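This is my_file31.txt. It holds compact mmCIF, C-alpha atoms.
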# COMPACT_ATOMS: atom_id res chain seq x y z
CA MET C 866 16.61 -12.96 -5.50
CA ILE C 867 17.35 -9.67 -3.77
CA GLY C 868 15.85 -6.31 -4.66
CA THR C 869 12.72 -4.19 -4.34
CA GLU C 870 10.34 -5.06 -7.17
CA GLY C 871 9.83 -2.09 -9.46
CA TYR C 872 13.06 -0.39 -8.34
CA ALA C 873 15.74 -3.04 -8.85
CA PRO C 874 17.19 -3.08 -12.42
CA PRO C 875 16.55 -6.05 -14.75
CA GLU C 876 20.15 -7.28 -14.64
CA GLN C 877 20.05 -7.58 -10.85
CA TYR C 878 17.63 -10.49 -11.25
CA ARG C 879 20.34 -12.22 -13.27
CA GLY C 880 22.90 -11.80 -10.47
CA ILE C 881 24.61 -8.65 -11.81
CA ALA C 882 25.08 -5.92 -9.20
CA ASP C 883 27.15 -2.91 -10.26
CA ALA C 884 27.11 0.89 -10.55
CA GLN C 885 24.84 0.76 -13.61
CA GLY C 886 22.21 -0.97 -11.50
CA ASP C 887 22.55 1.73 -8.84
CA ILE C 888 21.97 4.41 -11.47
CA CYS C 889 18.78 2.64 -12.56
CA ALA C 890 17.49 2.24 -8.98
CA TYR C 891 18.37 5.87 -8.26
CA GLY C 892 16.34 6.91 -11.32
CA ALA C 893 13.38 4.80 -10.19
CA THR C 894 13.48 6.55 -6.80
CA PHE C 895 13.53 9.99 -8.48
CA HIS C 896 10.58 8.89 -10.64
CA HIS C 897 8.64 7.98 -7.47
CA LEU C 898 9.47 11.27 -5.72
CA ILE C 899 8.30 13.56 -8.52
CA THR C 900 5.22 11.57 -9.55
CA GLY C 901 4.03 10.04 -6.28
CA SER C 902 3.73 6.69 -8.11
CA ASP C 903 4.95 3.67 -6.12
CA HIS C 904 6.45 1.15 -8.55
CA ARG C 905 5.85 -1.81 -6.24
CA GLY C 906 2.27 -1.98 -7.45
CA GLU C 907 3.16 -1.77 -11.15
CA THR C 908 4.46 -4.29 -13.68
CA PRO C 909 8.27 -4.47 -13.26
CA PHE C 910 10.54 -2.76 -15.82
CA THR C 911 7.78 -0.51 -17.24
CA LEU C 912 9.11 2.86 -16.06
CA VAL C 913 9.98 3.90 -19.61
CA GLN C 914 6.33 3.28 -20.55
CA ARG C 915 5.25 5.64 -17.73
CA PRO C 916 7.13 8.90 -18.44
CA PRO C 917 7.20 11.28 -15.46
CA ARG C 918 5.49 14.10 -17.39
CA ARG C 919 2.51 11.85 -18.11
CA LEU C 920 1.92 11.45 -14.37
CA ASN C 921 3.00 14.98 -13.37
CA PRO C 922 2.84 17.57 -16.21
CA ALA C 923 4.71 20.10 -14.03
CA VAL C 924 7.96 18.16 -14.43
CA PRO C 925 10.35 20.01 -16.80
CA PRO C 926 10.87 18.05 -20.06
CA GLU C 927 14.66 17.95 -19.63
CA PHE C 928 14.37 16.46 -16.15
CA GLY C 929 11.86 13.89 -17.35
CA GLN C 930 14.26 12.77 -20.10
CA LEU C 931 17.12 12.59 -17.60
CA ILE C 932 15.10 10.18 -15.47
CA LEU C 933 14.10 8.04 -18.45
CA LYS C 934 17.76 7.69 -19.43
CA ARG C 935 18.59 6.50 -15.92
CA VAL C 936 15.93 3.77 -15.94
CA ALA C 937 16.58 2.47 -19.46
CA HIS C 938 16.16 -1.30 -19.69
CA SER C 939 19.64 -1.85 -21.12
CA PRO C 940 22.64 -0.66 -19.04
CA HIS C 941 24.29 0.55 -22.28
CA ASP C 942 21.49 3.12 -22.75
CA ARG C 943 21.99 4.67 -19.28
CA TYR C 944 24.60 7.13 -18.08
CA GLY C 945 28.09 5.67 -18.30
CA SER C 946 29.01 6.51 -14.74
CA VAL C 947 27.80 8.27 -11.63
CA ASP C 948 30.11 11.21 -12.47
CA GLU C 949 28.35 11.58 -15.83
CA LEU C 950 24.99 11.52 -14.07
CA VAL C 951 26.10 14.17 -11.56
CA ALA C 952 27.35 16.37 -14.40
CA ALA C 953 23.97 16.05 -16.16
CA LEU C 954 22.11 16.97 -12.98
CA GLU C 955 24.29 20.00 -12.29
CA THR C 956 23.97 21.19 -15.87
CA LEU C 957 20.20 20.91 -15.61
CA ARG C 958 20.06 23.03 -12.47
CA GLY C 959 22.39 25.57 -14.03
CA VAL C 960 25.59 24.88 -12.06
CA LYS C 961 28.81 23.83 -13.77
CA PRO C 962 30.46 20.72 -12.28
CA ALA C 963 33.73 22.49 -11.49
CA GLY C 964 32.01 25.16 -9.42
CA GLY C 965 31.80 27.67 -12.28
CA ALA C 966 29.34 30.51 -12.67
CA VAL C 967 25.62 29.86 -12.70
CA SER C 968 24.50 29.80 -16.32
CA ALA C 969 20.76 29.58 -15.72
CA PRO C 970 18.36 30.00 -12.79
CA ASN C 971 17.40 26.98 -10.78
CA ARG C 972 14.14 25.35 -11.78
CA SER C 973 11.47 24.14 -9.42
CA PHE C 974 8.49 21.95 -10.06
CA ALA C 975 5.46 20.66 -8.22
CA SER C 976 5.12 17.02 -7.30
CA GLY C 977 2.66 14.71 -5.65
CA CYS C 978 5.20 13.79 -2.98
CA ARG C 979 7.47 15.99 -0.85
CA LEU C 980 10.84 14.95 0.51
CA LEU C 981 11.80 16.66 3.77
CA VAL C 982 15.30 16.55 5.26
CA VAL C 983 15.20 17.68 8.89
CA PRO C 984 17.62 17.60 11.85
CA ALA C 985 17.31 14.44 13.91
CA ASP C 986 16.58 16.35 17.12
CA LEU C 987 13.35 17.92 15.82
CA THR C 988 10.20 16.75 17.59
CA PRO C 989 7.02 15.88 15.67
CA ASP C 990 5.41 19.11 16.92
CA SER C 991 8.22 21.10 15.28
CA ILE C 992 7.38 19.83 11.81
CA SER C 993 3.67 19.15 12.10
CA PRO C 994 1.51 21.45 9.91
CA MET C 995 -0.90 21.58 12.87
CA ALA C 996 1.73 22.54 15.45
CA GLY C 997 0.25 25.04 17.88
CA ASN C 998 -3.30 23.84 17.27
CA GLU C 999 -4.83 23.12 20.69
CA ARG C 1000 -7.07 20.41 19.21
CA LEU C 1001 -4.05 18.33 18.24
CA SER C 1002 -3.31 15.91 21.09
CA TRP C 1003 -0.21 14.22 19.70
CA VAL C 1004 1.69 13.22 16.55
CA CYS C 1005 3.33 9.84 16.02
CA ALA C 1006 5.65 9.77 13.03
CA THR C 1007 6.40 6.64 10.98
CA ASN C 1008 9.13 6.39 8.35
CA ASP C 1009 6.86 6.20 5.30
CA GLU C 1010 3.29 6.73 4.10
CA VAL C 1011 0.31 5.69 6.21
CA ARG C 1012 -2.21 4.66 3.55
CA TRP C 1013 -5.01 3.00 5.48
CA SER C 1014 -7.19 3.48 8.52
CA ALA C 1015 -6.30 2.78 12.12
CA SER C 1016 -8.21 0.68 14.65
CA GLN C 1017 -8.63 1.27 18.37
CA ALA C 1018 -9.03 -1.19 21.21
CA GLU C 1019 -8.60 -0.83 24.97
CA GLY C 1020 -6.33 2.20 24.99
CA ALA C 1021 -4.23 1.34 21.94
CA ILE C 1022 -4.26 2.52 18.32
CA TYR C 1023 -3.20 -0.05 15.71
CA VAL C 1024 -2.05 1.23 12.33
CA GLY C 1025 0.17 -0.01 9.51
CA SER C 1026 2.74 1.99 7.56
CA TYR C 1027 4.56 1.63 4.28
CA ASP C 1028 7.77 1.52 6.31
CA ALA C 1029 6.97 -2.21 6.77
CA ASN C 1030 5.76 -1.99 10.38
CA LEU C 1031 2.52 -2.39 12.26
CA TYR C 1032 2.41 0.08 15.15
CA ALA C 1033 0.68 -0.21 18.50
CA ILE C 1034 0.38 3.38 19.80
CA ASP C 1035 -0.80 4.53 23.20
CA GLU C 1036 -3.94 6.56 22.55
CA THR C 1037 -3.30 8.95 25.45
CA ASP C 1038 0.12 10.35 24.53
CA GLY C 1039 1.10 8.86 21.15
CA THR C 1040 4.04 6.79 22.41
CA VAL C 1041 4.80 3.60 20.50
CA ARG C 1042 4.12 0.52 22.62
CA TRP C 1043 5.61 -1.85 20.05
CA MET C 1044 6.32 -2.27 16.34
CA PHE C 1045 5.70 -5.52 14.46
CA ARG C 1046 8.26 -5.74 11.66
CA ILE C 1047 7.29 -7.25 8.32
CA ARG C 1048 8.91 -7.19 4.88
CA ARG C 1049 6.64 -4.86 2.87
CA GLY C 1050 4.14 -2.08 3.34
CA VAL C 1051 0.78 -2.39 5.09
CA VAL C 1052 -2.35 -1.07 3.37
CA SER C 1053 -4.76 -3.20 5.39
CA ARG C 1054 -6.72 -1.92 8.38
CA PRO C 1055 -5.77 -3.96 11.48
CA GLN C 1056 -8.55 -5.86 13.23
CA PRO C 1057 -8.02 -6.29 16.99
CA ALA C 1058 -9.98 -9.03 18.76
CA ALA C 1059 -9.50 -10.29 22.33
CA ASP C 1060 -5.70 -10.50 22.76
CA LEU C 1061 -4.90 -10.67 19.01
CA VAL C 1062 -4.68 -8.25 16.08
CA MET C 1063 -4.83 -9.28 12.40
CA PHE C 1064 -3.77 -7.41 9.27
CA GLY C 1065 -2.75 -8.05 5.66
CA CYS C 1066 0.55 -7.06 4.09
CA GLU C 1067 2.03 -6.56 0.63
CA ASP C 1068 4.64 -9.25 1.39
CA HIS C 1069 1.89 -11.80 0.52
CA ASN C 1070 1.01 -12.62 4.14
CA ALA C 1071 -1.78 -11.95 6.59
CA TYR C 1072 -0.42 -11.80 10.13
CA VAL C 1073 -1.92 -12.31 13.57
CA ALA C 1074 0.11 -10.79 16.41
CA SER C 1075 -0.41 -10.65 20.15
CA ARG C 1076 -1.75 -7.29 21.26
CA GLN C 1077 0.38 -7.24 24.40
CA GLN C 1078 3.89 -7.90 23.06
CA GLY C 1079 3.47 -7.54 19.29
CA ARG C 1080 4.80 -11.06 18.69
CA SER C 1081 3.73 -13.30 15.81
CA VAL C 1082 1.06 -15.88 16.66
CA TRP C 1083 0.33 -17.25 13.18
CA SER C 1084 0.22 -16.13 9.56
CA LEU C 1085 -1.52 -16.96 6.29
CA ARG C 1086 0.69 -17.23 3.21
CA SER C 1087 -0.74 -16.11 -0.14
CA THR C 1088 0.84 -15.96 -3.59
CA THR C 1089 0.13 -12.23 -3.99
CA PRO C 1090 -0.14 -9.10 -1.82
CA ILE C 1091 -2.98 -8.99 0.72
CA ARG C 1092 -4.53 -5.52 0.57
CA SER C 1093 -7.96 -6.40 1.92
CA SER C 1094 -8.73 -5.67 5.56
CA PRO C 1095 -9.93 -8.53 7.77
CA ALA C 1096 -13.48 -8.87 9.07
CA MET C 1097 -14.19 -10.71 12.29
CA ASP C 1098 -17.08 -12.55 13.89
CA ASP C 1099 -17.38 -14.86 16.91
CA ARG C 1100 -14.44 -17.16 16.22
CA SER C 1101 -13.25 -16.46 12.70
CA TYR C 1102 -11.49 -13.96 10.46
CA SER C 1103 -12.40 -13.35 6.80
CA ILE C 1104 -9.91 -11.64 4.48
CA GLY C 1105 -9.32 -11.29 0.73
CA SER C 1106 -6.12 -11.46 -1.31
CA ASP C 1107 -4.94 -10.23 -4.68
CA ASP C 1108 -4.84 -13.92 -5.69
CA GLY C 1109 -8.65 -13.68 -6.06
CA PHE C 1110 -9.51 -15.78 -3.00
CA VAL C 1111 -11.41 -14.84 0.13
CA TYR C 1112 -10.17 -16.87 3.10
CA ARG C 1113 -12.11 -17.75 6.23
CA LEU C 1114 -9.76 -18.61 9.08
CA GLU C 1115 -10.11 -19.97 12.59
CA ARG C 1116 -9.14 -17.08 14.84
CA VAL C 1117 -6.84 -18.70 17.40
CA ARG C 1118 -4.84 -21.18 15.32
CA GLY C 1119 -5.25 -19.83 11.78
CA ALA C 1120 -6.69 -23.02 10.25
CA VAL C 1121 -8.32 -22.36 6.86
CA LEU C 1122 -12.03 -23.16 7.25
CA TRP C 1123 -12.71 -22.47 3.58
CA ARG C 1124 -11.63 -20.26 0.71
CA TYR C 1125 -13.74 -18.94 -2.15
CA ARG C 1126 -12.28 -18.00 -5.51
CA THR C 1127 -13.25 -14.92 -7.51
CA TRP C 1128 -11.72 -13.96 -10.85
CA GLY C 1129 -9.96 -10.76 -9.90
CA PRO C 1130 -7.93 -9.26 -7.05
CA GLU C 1131 -9.96 -9.28 -3.85
CA ARG C 1132 -9.39 -5.95 -2.05
CA SER C 1133 -12.85 -5.31 -0.62
CA THR C 1134 -13.17 -5.84 3.12
CA PRO C 1135 -15.68 -8.67 3.67
CA LEU C 1136 -18.95 -8.02 5.47
CA VAL C 1137 -20.04 -10.84 7.79
CA CYS C 1138 -23.83 -11.06 8.01
CA GLU C 1139 -26.18 -13.46 9.80
CA ARG C 1140 -25.87 -16.18 7.14
CA GLY C 1141 -23.31 -15.01 4.63
CA VAL C 1142 -19.97 -13.35 4.03
CA LEU C 1143 -20.34 -10.55 1.45
CA PHE C 1144 -17.52 -9.02 -0.60
CA GLY C 1145 -16.81 -7.39 -3.92
CA SER C 1146 -14.09 -8.25 -6.43
CA ASP C 1147 -12.15 -6.63 -9.25
CA ASP C 1148 -13.92 -9.11 -11.54
CA GLY C 1149 -17.00 -6.87 -11.35
CA TYR C 1150 -19.21 -8.99 -9.08
CA LEU C 1151 -20.61 -8.69 -5.55
CA TYR C 1152 -20.67 -12.09 -3.82
CA SER C 1153 -22.49 -13.66 -0.87
CA VAL C 1154 -20.95 -16.90 0.42
CA ASP C 1155 -22.36 -19.14 3.16
CA ARG C 1156 -20.54 -18.51 6.47
CA GLY C 1157 -20.31 -22.13 7.41
CA THR C 1158 -19.68 -23.97 4.14
CA GLY C 1159 -18.08 -21.40 1.84
CA GLN C 1160 -20.65 -22.20 -0.87
CA LEU C 1161 -22.00 -19.45 -3.11
CA ARG C 1162 -25.37 -18.09 -2.03
CA TRP C 1163 -25.68 -15.46 -4.77
CA ARG C 1164 -23.65 -13.06 -6.87
CA LEU C 1165 -24.59 -9.79 -8.55
CA ASN C 1166 -22.96 -8.56 -11.75
CA VAL C 1167 -21.96 -4.93 -11.15
CA ASN C 1168 -19.99 -4.62 -14.42
CA ALA C 1169 -17.26 -2.64 -12.66
CA PRO C 1170 -14.51 -3.48 -10.15
CA VAL C 1171 -15.71 -3.42 -6.54
CA VAL C 1172 -12.93 -2.20 -4.25
CA SER C 1173 -15.34 -0.53 -1.83
CA SER C 1174 -16.25 -2.45 1.33
CA PRO C 1175 -19.96 -3.27 1.69
CA CYS C 1176 -21.93 -2.22 4.78
CA LEU C 1177 -25.27 -3.40 6.11
CA ALA C 1178 -28.20 -1.00 6.60
CA VAL C 1179 -31.34 -2.74 7.92
CA LYS C 1180 -31.64 -5.63 5.44
CA ALA C 1181 -29.92 -3.95 2.51
CA VAL C 1182 -26.23 -4.04 1.64
CA MET C 1183 -24.74 -0.74 0.44
CA VAL C 1184 -21.66 -0.88 -1.78
CA GLY C 1185 -19.83 1.42 -4.19
CA ALA C 1186 -18.13 0.45 -7.46
CA CYS C 1187 -15.60 1.89 -9.88
CA ASP C 1188 -18.33 2.99 -12.30
CA GLY C 1189 -19.14 5.83 -9.89
CA ALA C 1190 -22.39 4.33 -8.58
CA VAL C 1191 -23.51 3.23 -5.11
CA ARG C 1192 -25.93 0.30 -5.03
CA ALA C 1193 -28.36 -1.11 -2.48
CA VAL C 1194 -28.72 -4.89 -2.62
CA ALA C 1195 -31.04 -7.20 -0.67
CA ALA C 1196 -28.78 -9.06 1.75
CA GLU C 1197 -30.65 -12.40 1.51
CA SER C 1198 -31.50 -12.60 -2.20
CA GLY C 1199 -28.91 -10.41 -3.89
CA LYS C 1200 -31.65 -8.50 -5.71
CA LEU C 1201 -30.67 -4.99 -6.81
CA LEU C 1202 -32.84 -2.49 -4.96
What do you get writing this file as structure tokens?
Amino acid sequence: MIGTEGYAPPEQYRGIADAQGDICAYGATFHHLITGSDHRGETPFTLVQRPPRRLNPAVPPEFGQLILKRVAHSPHDRYGSVDELVAALETLRGVKPAGGAVSAPNRSFASGCRLLVVPADLTPDSISPMAGNERLSWVCATNDEVRWSASQAEGAIYVGSYDANLYAIDETDGTVRWMFRIRRGVVSRPQPAADLVMFGCEDHNAYVASRQQGRSVWSLRSTTPIRSSPAMDDRSYSIGSDDGFVYRLERVRGAVLWRYRTWGPERSTPLVCERGVLFGSDDGYLYSVDRGTGQLRWRLNVNAPVVSSPCLAVKAVMVGACDGAVRAVAAESGKLL
């Protein structure tokens, strides 16, 4: 099966690859550009149920309909050819296909995502909005969105990008020391430890790479994207997955010490305390699991998804939830303070 989920047309999964499929994928890309909505995180083949104007009211109605026709589920409901699509686009912008007179002014619209086309010889400083600012030390450009935080260790910055790479960047001048290539975007904060760095990826894996060469050491395979960031203690990593499990892994070899199941995607970064590993889940609970055995110590019903990562303050755990509240919880008993 070949194709980017959310962008590839339905018939491509049945082995049909033709111009109609290209028109659909092209429409899905336009949808992303004018709404800022990445389809990889949505249910496949639901673009028609998410009209562009619902996500970005500034989109002209005619342009929104043009996109919906491109991404129709059935190829027979799309444009008959690329020439027909080009003609529709040029009519919409007020230019006749044969180079005739302009019949209407061009239309512009706001979007949540900007597409820039720049000459290849431009330096990052030339296009940076902070160019000329003396406080800006350097800019390192990736080829897609950087959605999560970076980590620093011994002169290097580690950060993932949606261009399907983990970057090791020299903190003094911004040069790229190495790139670790994966298959999907990274929305997990890397965790460097000793000579290793760990991170989760939307290709369903958590990777551990060497910090010196950026080569794979071991990986954990999940059945769903891993969007949680790893937590580390003396000899172990703890990380959650969208499959609802939190995994505790031996740091050097990657052996699974235990895994604990919740009932929703696990995107909260675990907090490793003296006795327990604490984490929230989309199932609406905050959990504390024994570090050594993986057995439940306590759980607190928050009644709202917990994507926020808990932190420890004295003996209380602070955590936010999707109901808009921040809670303080006793770390040992799980009592709401």
Return the single residue from C:Val1171, C:Val1194, C:Ile888, C:Met1044 that is closest to Leu1031 (chain C), with distances computed using all atoms listed in the file. C:Met1044
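Straight-line separation from CA of Tyr1125 (chain C) to CA of Gly1149 (chain C): 15.5 Å.
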Taking 6 positions as the minimum chain separation for residues in the same chain, which residues sit within 12 Å of Val1062 (chain C) when counting all atoms listed in the file? Answer as an mmCIF file with C-alpha atoms, in the coordinates of the input.
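File result03.cif, as written:
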data_model
loop_
_atom_site.group_PDB
_atom_site.id
_atom_site.type_symbol
_atom_site.label_atom_id
_atom_site.label_comp_id
_atom_site.auth_asym_id
_atom_site.auth_seq_id
_atom_site.Cartn_x
_atom_site.Cartn_y
_atom_site.Cartn_z
ATOM 1 C CA ALA C 1015 -6.300 2.780 12.120
ATOM 2 C CA SER C 1016 -8.210 0.680 14.650
ATOM 3 C CA GLN C 1017 -8.630 1.270 18.370
ATOM 4 C CA ALA C 1018 -9.030 -1.190 21.210
ATOM 5 C CA ALA C 1021 -4.230 1.340 21.940
ATOM 6 C CA ILE C 1022 -4.260 2.520 18.320
ATOM 7 C CA TYR C 1023 -3.200 -0.050 15.710
ATOM 8 C CA VAL C 1024 -2.050 1.230 12.330
ATOM 9 C CA GLY C 1025 0.170 -0.010 9.510
ATOM 10 C CA LEU C 1031 2.520 -2.390 12.260
ATOM 11 C CA TYR C 1032 2.410 0.080 15.150
ATOM 12 C CA ALA C 1033 0.680 -0.210 18.500
ATOM 13 C CA PHE C 1045 5.700 -5.520 14.460
ATOM 14 C CA SER C 1053 -4.760 -3.200 5.390
ATOM 15 C CA ARG C 1054 -6.720 -1.920 8.380
ATOM 16 C CA PRO C 1055 -5.770 -3.960 11.480
ATOM 17 C CA GLN C 1056 -8.550 -5.860 13.230
ATOM 18 C CA ALA C 1071 -1.780 -11.950 6.590
ATOM 19 C CA TYR C 1072 -0.420 -11.800 10.130
ATOM 20 C CA VAL C 1073 -1.920 -12.310 13.570
ATOM 21 C CA ALA C 1074 0.110 -10.790 16.410
ATOM 22 C CA SER C 1075 -0.410 -10.650 20.150
ATOM 23 C CA ARG C 1076 -1.750 -7.290 21.260
ATOM 24 C CA GLN C 1077 0.380 -7.240 24.400
ATOM 25 C CA GLN C 1078 3.890 -7.900 23.060
ATOM 26 C CA GLY C 1079 3.470 -7.540 19.290
ATOM 27 C CA ARG C 1080 4.800 -11.060 18.690
ATOM 28 C CA SER C 1081 3.730 -13.300 15.810
ATOM 29 C CA VAL C 1082 1.060 -15.880 16.660
ATOM 30 C CA TRP C 1083 0.330 -17.250 13.180
ATOM 31 C CA SER C 1084 0.220 -16.130 9.560
ATOM 32 C CA SER C 1094 -8.730 -5.670 5.560
ATOM 33 C CA PRO C 1095 -9.930 -8.530 7.770
ATOM 34 C CA ALA C 1096 -13.480 -8.870 9.070
ATOM 35 C CA MET C 1097 -14.190 -10.710 12.290
ATOM 36 C CA TYR C 1102 -11.490 -13.960 10.460
ATOM 37 C CA ARG C 1116 -9.140 -17.080 14.840
ATOM 38 C CA VAL C 1117 -6.840 -18.700 17.400
#
Long-range neighbours of Gly1157 (chain C) as number ranges by chain, 9 Å cut-off, only C-alpha atoms, 2 positions minimum in chain: C: 1122-1123, 1140-1141, 1154-1155, 1159-1160
Give as a PDB file with C-alpha atoms, in the frame of the given file each residue that has an atom at most 6 Å from (5.0, 6.6, 7.1) in the file, counting all atoms listed in the file.
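Generated file (point.pdb):
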ATOM      1  CA  THR C1007       6.400   6.640  10.980  1.00  0.00           C
ATOM      2  CA  ASN C1008       9.130   6.390   8.350  1.00  0.00           C
ATOM      3  CA  ASP C1009       6.860   6.200   5.300  1.00  0.00           C
ATOM      4  CA  GLU C1010       3.290   6.730   4.100  1.00  0.00           C
ATOM      5  CA  VAL C1011       0.310   5.690   6.210  1.00  0.00           C
ATOM      6  CA  SER C1026       2.740   1.990   7.560  1.00  0.00           C
ATOM      7  CA  TYR C1027       4.560   1.630   4.280  1.00  0.00           C
ATOM      8  CA  ASP C1028       7.770   1.520   6.310  1.00  0.00           C
TER       9      ASP C1028
END
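Residues near the point (-32.1, -14.2, -4.6), at a distance of 9 Å or less over only C-alpha atoms, make up Arg1162, Trp1163, Arg1164, Ala1195, Ala1196, Glu1197, Ser1198, Gly1199 and Lys1200 of chain C.
Atom to atom, CA of Gly868 (chain C) and CA of Gln930 (chain C) stand 24.6 Å apart.
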Leaving out region 903-913 of chain C and any residue of its chain fewer than 6 positions from it, which residues lie within 7 Å of it when counting only C-alpha atoms, given as a VMD selection string? chain C and resid 870 to 872 875 897 933 936 to 938
Which polymer residues have any atom within 10 Å of an atom of Leu1085 (chain C), counting all atoms listed in the file, with same-chain residues fewer than 3 positions away left out, as a VMD selection string? chain C and resid 1065 1069 to 1073 1091 1112 1114 1119 to 1121
Would you export the selected residues with C-alpha atoms as a tab-separated table (two decimals), keeping the file's coordinate frame, please?
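Result file result.tsv:
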chain	number	residue	atom	x	y	z
C	1065	GLY	CA	-2.75	-8.05	5.66
C	1069	HIS	CA	1.89	-11.80	0.52
C	1070	ASN	CA	1.01	-12.62	4.14
C	1071	ALA	CA	-1.78	-11.95	6.59
C	1072	TYR	CA	-0.42	-11.80	10.13
C	1073	VAL	CA	-1.92	-12.31	13.57
C	1091	ILE	CA	-2.98	-8.99	0.72
C	1112	TYR	CA	-10.17	-16.87	3.10
C	1114	LEU	CA	-9.76	-18.61	9.08
C	1119	GLY	CA	-5.25	-19.83	11.78
C	1120	ALA	CA	-6.69	-23.02	10.25
C	1121	VAL	CA	-8.32	-22.36	6.86
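The spacing separating CA of Ile1034 (chain C) from CA of Gly1050 (chain C) amounts to 17.7 Å.
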Work out where the centre of an axis-aligned box around every listed atom of region 1073-1078 of chain C lies and how long its edges are once 3 Å is added on each side; give both in Å to one decimal as JSON.
{"center_x": 1.0, "center_y": -9.8, "center_z": 19.0, "size_x": 11.8, "size_y": 11.1, "size_z": 16.8}
For Asn1166 (chain C), which residue out of C:Ala952, C:Leu1201, C:Val1191, C:Val1111 is the nearest one, using all atoms listed in the file? C:Leu1201
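Distance annotation: of C:Ser1106, C:Ser1133, C:Ser1093, C:Ser1101, the residue with the minimal separation from Arg1118 (chain C) is C:Ser1101; atom set is only C-alpha atoms.
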